[in-house]
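Engineer: I have a structure I would like to understand better, so I am pasting it below and will then ask my questions one at a time.
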Amino acid sequence: MMVLIGMLSHGIGATVVFAQTIQGTSATPTEASPTTLQAGTRPIVFPPQHWPAPVNDQEHRLFTLVDVLDYRPKISGGQGHDDYRWDVEGWYGGDYNRLWFKSEGQRDTAFKADYDVDFQLLYGRFIRKHYDLQIGSRVETQAFKGRNVTRGFGVIGIEGLVPYNYEFESALFIDQNGAVSARLSFTKDLLLTQRLIFQTRFETNAAVQRVEKFTTGSGLNNLEFGARLRYEIRREFAPYIGISFDRSFGETATLVRQDGGDPTQIRFLVGVRAWF
Amino acid sequence: MNPDHISRRLLLKCAAALGLLAVAERLVPAYALTSAAGAGSQIALSGDVIDLTIAEQPFHLDGRTGTAMSINGTIPGPVIRLKEGQQATLRVTNRLEESSSIHWHGLLLPPAMDGVPGVSFAGIEPGTTFTYRFPIRQSGTYWYHSHSGLQEESGVYGPMIIDPAEPEPFRPERDYVVMLSDWSFESPEALLSNLKKQGGYYNFQKRTAGDFFTDVGRMGFWPALQNYLMWDRMRMDPTDFADVTGYAFTYLMNGLSPADNWTGLFRPGERVRLRLINAAGMTFYDVRIPGLRMTVVQVDGQNIQPVVVDEFRMGPAETYDVIVEPAENRAYTIFAETMDRSGYARGTLAPRQGMSAEIPERRPRPLRTMEDMGMSMKGMDMPGMTMHGTEHSGDTKKIESSDDHASMEHRLRDAGTPPLQHMHEMPAMDAGDHGRSLIPGAEPVAHSPDHHGPGNQTVAEYSQNRMGEPGRGLEDSERRVLLYTDLKSLVPYPDQREPVREIELHLTGQMTRYMWSFDGKTYSEAKEPIHFRYGERVRLTFVNDTMMEHPLHLHGMWMYLENGAGAYLSRKHTVVVKPAERLSVAITADAPGRWAFHCHLLLHMEAGMFRVVEVSDQ
């Protein structure tokens, strides 16, 4: 065998070594010019079906981000009680196709409903650089003085990262009665240090039709600005403090007042941002 | 069982008797224990038949314990030492609970012996043994590692030395393997998962408000603001130099942490050969030995015309053999700083055990520039940016002679170096002269319309060859840093044909979602192999549209680095492509079969930056 290998390495001959044919070793590549080769002598063996994939590039993952989990203490002298609020979203899937879930909710005794809980289940596809297109459904439940109202929506939205590194989320909703509304939000992180991060947050809602049952007027509903200063103990876990300013406009403000709420609210927050 | 194997066992027993067992238990291979090894040598497995066993076991490091996968009970695995011309038989037993494999990195062998599950074979099932048999047709420093999932990151790697049939042109008195790697107590799957969820998870060197104010002081308010806004507008992070950093990694030298200080012994005046192998899954290293100049004699196991340098950058999977001559009776630190400066691997060359030398300060974390983005330079004036247009500088010096090393080195050092100037010299050289040739991509090439899809964040508007640059973070170094343009084969290789066909491949990615691909498609999305016609000389041109360096590894065949060295193109198994770089290699398609081709950053590979290359007559 050694003799044979020696011959091979000198390019004198070529013969079968194991399962493979070695013809023209690297020592004599000039001999391997295309003209001297005979076609069809080396059939390619295609990988049998039972072979595994060489890389696992289609792994599905589950991601849940609790971006906001606020505890909002009662403002001294103000109306209402201690309240809370959450904004959670996540996905299950791969790089392009994901099943998204989102939930927003709050207990807000000074504003509109006592409870306002919102859940969305969406199919998302990564369609353009930085952007996912999302289509699915949404359920909203509100509680007014012990009375519950619920409605369902169809949702189409776009979520992604816009220039200047703003996280962007937009959605158009059509409820079961055909009422159309929309939501837009931006968040942006500013690093004060590697772990101390200042997040600004902007959200607005608008509606085409007035839906009195849900304290929603036609036109611009509200604007909300928030600022949260968090400390990332780990990337996945960051307690924060913050402040939010929320104001209703137009018909919505009128409806809020009629319900005994306050259309302008400034709240202090403590909370935790977490993901897993 | 071969005699060397037995003697290694005996030596281990002796080591145990000498009270070194405590160290041995820590999974350190025998060759890391220089006191147990013979003077100047590291114990190796050799002979006609070599047995390797892959198994899971605890790994102790700096007082912590993790779970590792090892070969023959050590990390790295044993040195395998073979002889050119011999028939190798390597029996690999898998004692893991999952499928495994061993790939012989850089070896020319039959495709069925290459050890890539799904490309070469089915993998080695738990509890079974696979026998690799192949003739050894080359010599030099190589390594071997698992090609299954992310097992390499868990410890399944080891060095491989092949002694040449003919004596080598250098005769060092000492010969050490210096294997660099990275270890994480988090599982490699968790590393990838975290990055998929947050691309900058491990980067704790981002730009902060504090940096902004420092830059305002340095650059003025508007330029600083413009610079920060520019990066923000592009949704890119200029501090992105390593996906996984010292936050998660402990950087190892021969399996030892910087605190454990691997030591190689020498007597002053001796020539010491260091076989540096970067077995890290995710880490680029900048290697230097303060106080010593290094003569690089081999790259990727191939002899090159010796180059004397102070420092060199090593991509994952590359190997560099250097010779140093420590003259003083003192210790020298082998310092392997990570490219992102978040950590280092460290060892010592010393006349006696237990000595150590000063550990250098880490340099500041570098920043990406517009050049790394492949942006047009017109009208931009950003500090730290090297300006270059398409015009030739009038004072370009012509290289007198390729044999004139002194002048070459002088010129390069002189350049000190606006590296691009050097690149612009290349087109001025005469093609056809055996000592020099054109560098493909020496002039900037505009990107055609971006068809890479959402899985690619940006394209390099202009890509250009950057082999004459030392790399980001080393560009202003006063040290002589090795360049890819320094690499010239010691002897010309037989196939001097000009490639007749060019295949252009774009390196693509999306950092925020941690997607990595070629031409915007992962392996699963583009299962069509890249086809080489058997026997052809083909040019593979890489265009890096990402802002990361990628070490690209082709199995089964050499890549001849088209760096202008004419007949002396050096050949490599792993080629590092810089951000926005256009780099070409020539390949002699002399190995029929299906071969893996991929980025050797393991997490990039696993994310889909992988292709099959098929060499056939059709």
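Each chain in the structure tokens gets a letter, A, B and so on, in the order shown; residues start at 1 in every chain, and ligands are counted from 1 in the order they appear.
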Quick check: residues of chain B within 6 Å of chain A, only C-alpha atoms, returned as a VMD selection string.
Structural biologist: chain B and resid 117 to 118 122 204 208 to 209 232 to 233 235 454 494 to 495 535 to 536 593 606 to 608 617
Engineer: Once you have the residues from the selection above, write them out as a PDB file, in the first residue's frame, restricted to C-alpha atoms.
Structural biologist:
ATOM      1  CA  PRO B 117     -22.240  14.730   8.466  1.00  0.00           C
ATOM      2  CA  GLY B 118     -24.717  15.208   5.657  1.00  0.00           C
ATOM      3  CA  ALA B 122     -23.957   9.988   7.938  1.00  0.00           C
ATOM      4  CA  PHE B 204     -20.618  45.317  26.434  1.00  0.00           C
ATOM      5  CA  THR B 208     -22.612  55.164  25.253  1.00  0.00           C
ATOM      6  CA  ALA B 209     -23.516  58.733  26.203  1.00  0.00           C
ATOM      7  CA  ASP B 232     -27.963  55.080  13.885  1.00  0.00           C
ATOM      8  CA  ARG B 233     -29.517  55.907  10.556  1.00  0.00           C
ATOM      9  CA  ARG B 235     -29.116  50.723  12.026  1.00  0.00           C
ATOM     10  CA  PRO B 454     -34.233  40.782   3.675  1.00  0.00           C
ATOM     11  CA  PRO B 494       2.628  23.239 -10.259  1.00  0.00           C
ATOM     12  CA  ASP B 495      -0.716  24.542 -11.455  1.00  0.00           C
ATOM     13  CA  GLY B 535      -9.816  19.589 -13.427  1.00  0.00           C
ATOM     14  CA  GLU B 536     -10.648  23.228 -14.016  1.00  0.00           C
ATOM     15  CA  GLY B 593     -16.938  14.743  -4.892  1.00  0.00           C
ATOM     16  CA  GLU B 606     -24.895  26.882  12.074  1.00  0.00           C
ATOM     17  CA  ALA B 607     -27.067  29.863  11.106  1.00  0.00           C
ATOM     18  CA  GLY B 608     -26.706  28.829   7.471  1.00  0.00           C
ATOM     19  CA  ASP B 617     -17.155  16.198 -14.807  1.00  0.00           C
TER      20      ASP B 617
END
Engineer: Show which residues sit within 7 Å of Leu265 of chain B, as a ChimeraX atom specification. Count only C-alpha atoms, and ignore same-chain residues fewer than 4 positions away.
Structural biologist: /B:40,349-352
Engineer: In Å, how far is it from atom CA of Leu483 of chain B to atom CA of Glu153 of chain B?
Structural biologist: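 Distance between the two atoms: 27.7 Å.
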Engineer: Do a neighbour search on Arg533 of chain B at 9 Å with only C-alpha atoms, toss out local chain neighbours closer than 2 positions, and write the hits as JSON, numbers by chain.
Structural biologist: {"A": [34], "B": [531, 535, 536, 537, 538, 589, 590, 592, 614, 615, 616, 617, 618]}
Engineer: Those residues you just picked out, can you put them in a file as a PDB file, in the first residue's frame with N, CA and C atoms?
Structural biologist:
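Contents of result36.pdb, freshly written:
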ATOM      1  N   PRO A  34      -8.203  20.217 -18.222  1.00  0.00           N
ATOM      2  CA  PRO A  34      -9.508  19.704 -18.624  1.00  0.00           C
ATOM      3  C   PRO A  34      -9.449  18.761 -19.826  1.00  0.00           C
TER       4      PRO A  34
ATOM      5  N   HIS B 531     -20.852  24.510  -8.174  1.00  0.00           N
ATOM      6  CA  HIS B 531     -20.280  23.468  -9.028  1.00  0.00           C
ATOM      7  C   HIS B 531     -18.925  23.853  -9.606  1.00  0.00           C
ATOM      8  N   GLY B 535     -11.018  19.248 -12.688  1.00  0.00           N
ATOM      9  CA  GLY B 535      -9.816  19.589 -13.427  1.00  0.00           C
ATOM     10  C   GLY B 535      -9.676  21.063 -13.741  1.00  0.00           C
ATOM     11  N   GLU B 536     -10.749  21.816 -13.627  1.00  0.00           N
ATOM     12  CA  GLU B 536     -10.648  23.228 -14.016  1.00  0.00           C
ATOM     13  C   GLU B 536      -9.912  24.041 -12.961  1.00  0.00           C
ATOM     14  N   ARG B 537      -9.387  25.148 -13.422  1.00  0.00           N
ATOM     15  CA  ARG B 537      -8.818  26.140 -12.516  1.00  0.00           C
ATOM     16  C   ARG B 537      -9.873  27.229 -12.459  1.00  0.00           C
ATOM     17  N   VAL B 538     -10.427  27.411 -11.293  1.00  0.00           N
ATOM     18  CA  VAL B 538     -11.567  28.315 -11.172  1.00  0.00           C
ATOM     19  C   VAL B 538     -11.235  29.398 -10.160  1.00  0.00           C
ATOM     20  N   ALA B 589      -9.582  22.378  -9.238  1.00  0.00           N
ATOM     21  CA  ALA B 589     -10.661  21.463  -8.846  1.00  0.00           C
ATOM     22  C   ALA B 589     -10.235  20.027  -9.119  1.00  0.00           C
ATOM     23  N   ASP B 590      -9.335  19.528  -8.276  1.00  0.00           N
ATOM     24  CA  ASP B 590      -8.746  18.210  -8.526  1.00  0.00           C
ATOM     25  C   ASP B 590      -9.296  17.135  -7.602  1.00  0.00           C
ATOM     26  N   PRO B 592     -12.659  15.239  -6.990  1.00  0.00           N
ATOM     27  CA  PRO B 592     -14.064  14.969  -7.302  1.00  0.00           C
ATOM     28  C   PRO B 592     -14.856  14.622  -6.056  1.00  0.00           C
ATOM     29  N   GLU B 614     -19.509  21.028  -5.267  1.00  0.00           N
ATOM     30  CA  GLU B 614     -19.500  19.743  -5.943  1.00  0.00           C
ATOM     31  C   GLU B 614     -18.516  19.792  -7.098  1.00  0.00           C
ATOM     32  N   VAL B 615     -17.577  18.870  -7.079  1.00  0.00           N
ATOM     33  CA  VAL B 615     -16.604  18.787  -8.165  1.00  0.00           C
ATOM     34  C   VAL B 615     -16.948  17.557  -8.993  1.00  0.00           C
ATOM     35  N   SER B 616     -17.298  17.775 -10.246  1.00  0.00           N
ATOM     36  CA  SER B 616     -17.654  16.644 -11.100  1.00  0.00           C
ATOM     37  C   SER B 616     -17.350  16.989 -12.547  1.00  0.00           C
ATOM     38  N   ASP B 617     -17.482  16.002 -13.397  1.00  0.00           N
ATOM     39  CA  ASP B 617     -17.155  16.198 -14.807  1.00  0.00           C
ATOM     40  C   ASP B 617     -18.196  17.034 -15.527  1.00  0.00           C
ATOM     41  N   GLN B 618     -19.401  17.032 -14.999  1.00  0.00           N
ATOM     42  CA  GLN B 618     -20.474  17.702 -15.739  1.00  0.00           C
ATOM     43  C   GLN B 618     -20.321  19.216 -15.694  1.00  0.00           C
TER      44      GLN B 618
END
Engineer: So that I can check the secondary structure, give me every residue of segment 135-253 of chain A assigned strand (DSSP E or B) by backbone DSSP, as a compact mmCIF listing (two decimals) with C-alpha atoms, in the first residue's frame.
Structural biologist:
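Printed below is selection05.txt as written:
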# COMPACT_ATOMS: atom_id res chain seq x y z
CA ILE A 135 -51.62 39.58 9.84
CA GLY A 136 -54.00 38.09 12.38
CA SER A 137 -56.61 38.78 14.98
CA ARG A 138 -57.08 40.76 18.14
CA VAL A 139 -59.44 40.58 21.06
CA GLU A 140 -60.08 43.54 23.33
CA THR A 141 -61.85 43.43 26.66
CA GLN A 142 -62.73 46.41 28.77
CA ALA A 143 -64.43 46.59 32.14
CA PHE A 144 -66.52 49.58 33.15
CA ARG A 147 -69.52 45.60 33.25
CA ASN A 148 -67.47 43.82 30.61
CA VAL A 149 -67.39 44.59 26.92
CA THR A 150 -65.46 42.55 24.36
CA ARG A 151 -64.87 42.89 20.68
CA GLY A 152 -62.79 41.11 18.04
CA PHE A 153 -60.68 42.59 15.26
CA GLY A 154 -58.80 41.67 12.15
CA VAL A 155 -55.24 43.04 12.21
CA ILE A 156 -52.67 43.96 9.61
CA GLY A 157 -49.44 45.54 10.75
CA ILE A 158 -45.80 46.22 10.17
CA GLU A 159 -43.15 45.93 12.83
CA GLY A 160 -39.45 46.54 12.56
CA LEU A 161 -36.50 48.81 13.01
CA VAL A 162 -36.63 52.14 11.21
CA TYR A 166 -36.28 53.23 16.46
CA GLU A 167 -38.30 50.10 17.12
CA PHE A 168 -41.45 50.65 15.16
CA GLU A 169 -44.83 48.96 15.45
CA SER A 170 -47.93 49.86 13.47
CA ALA A 171 -51.25 48.16 13.01
CA LEU A 172 -54.58 48.69 11.35
CA PHE A 173 -57.60 47.13 13.08
CA ILE A 174 -61.08 46.39 11.76
CA ASP A 175 -63.51 45.28 14.43
CA VAL A 180 -61.53 50.92 11.71
CA SER A 181 -58.77 52.03 14.06
CA ALA A 182 -54.98 52.22 14.05
CA ARG A 183 -52.06 52.17 16.43
CA LEU A 184 -48.52 53.38 16.04
CA SER A 185 -45.62 53.15 18.44
CA PHE A 186 -41.92 53.91 18.55
CA THR A 187 -39.38 53.03 21.18
CA LYS A 188 -35.73 53.95 21.30
CA ASP A 189 -32.92 52.93 23.61
CA LEU A 190 -30.16 55.34 24.59
CA LEU A 191 -27.18 53.85 26.37
CA LEU A 196 -27.95 51.77 32.32
CA ILE A 197 -30.35 52.37 29.46
CA PHE A 198 -32.83 55.16 28.88
CA GLN A 199 -35.82 54.05 26.84
CA THR A 200 -38.17 56.57 25.30
CA ARG A 201 -41.53 55.41 24.13
CA PHE A 202 -44.23 56.98 22.03
CA GLU A 203 -47.62 55.56 21.25
CA THR A 204 -50.73 56.89 19.57
CA ASN A 205 -54.15 55.53 18.67
CA ALA A 206 -56.67 56.79 16.15
CA ALA A 207 -60.06 55.63 14.93
CA VAL A 211 -67.29 53.44 19.25
CA THR A 216 -63.23 55.61 21.48
CA GLY A 219 -60.09 60.90 14.92
CA LEU A 220 -56.95 61.03 17.05
CA ASN A 221 -57.62 59.18 20.31
CA ASN A 222 -54.54 59.75 22.37
CA LEU A 223 -50.80 60.41 22.52
CA GLU A 224 -48.54 58.85 25.09
CA PHE A 225 -44.92 59.59 25.89
CA GLY A 226 -42.96 57.46 28.28
CA ALA A 227 -39.42 57.48 29.56
CA ARG A 228 -37.97 54.56 31.46
CA LEU A 229 -34.53 54.28 32.95
CA ARG A 230 -33.54 50.64 33.34
CA TYR A 231 -30.53 48.83 34.65
CA ARG A 234 -28.52 40.76 32.91
CA PHE A 237 -33.65 41.28 33.34
CA ALA A 238 -33.78 45.01 33.97
CA PRO A 239 -35.69 46.85 36.67
CA TYR A 240 -36.62 50.40 35.81
CA ILE A 241 -38.17 53.62 36.99
CA GLY A 242 -39.96 56.05 34.73
CA ILE A 243 -42.66 58.51 33.98
CA SER A 244 -45.46 58.54 31.45
CA PHE A 245 -47.59 61.27 30.03
CA ASP A 246 -50.87 60.31 28.36
CA ARG A 247 -53.44 62.63 26.88
CA SER A 248 -56.74 61.98 25.10
Engineer: With distances taken over only C-alpha atoms, which of B:His447, B:Met375, B:Ala567, B:Tyr462 is nearest to Met234 of chain B?
Structural biologist: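 Checking each of B:His447, B:Met375, B:Ala567, B:Tyr462 against Met234 of chain B, counting only C-alpha atoms, the winner is B:Met375.
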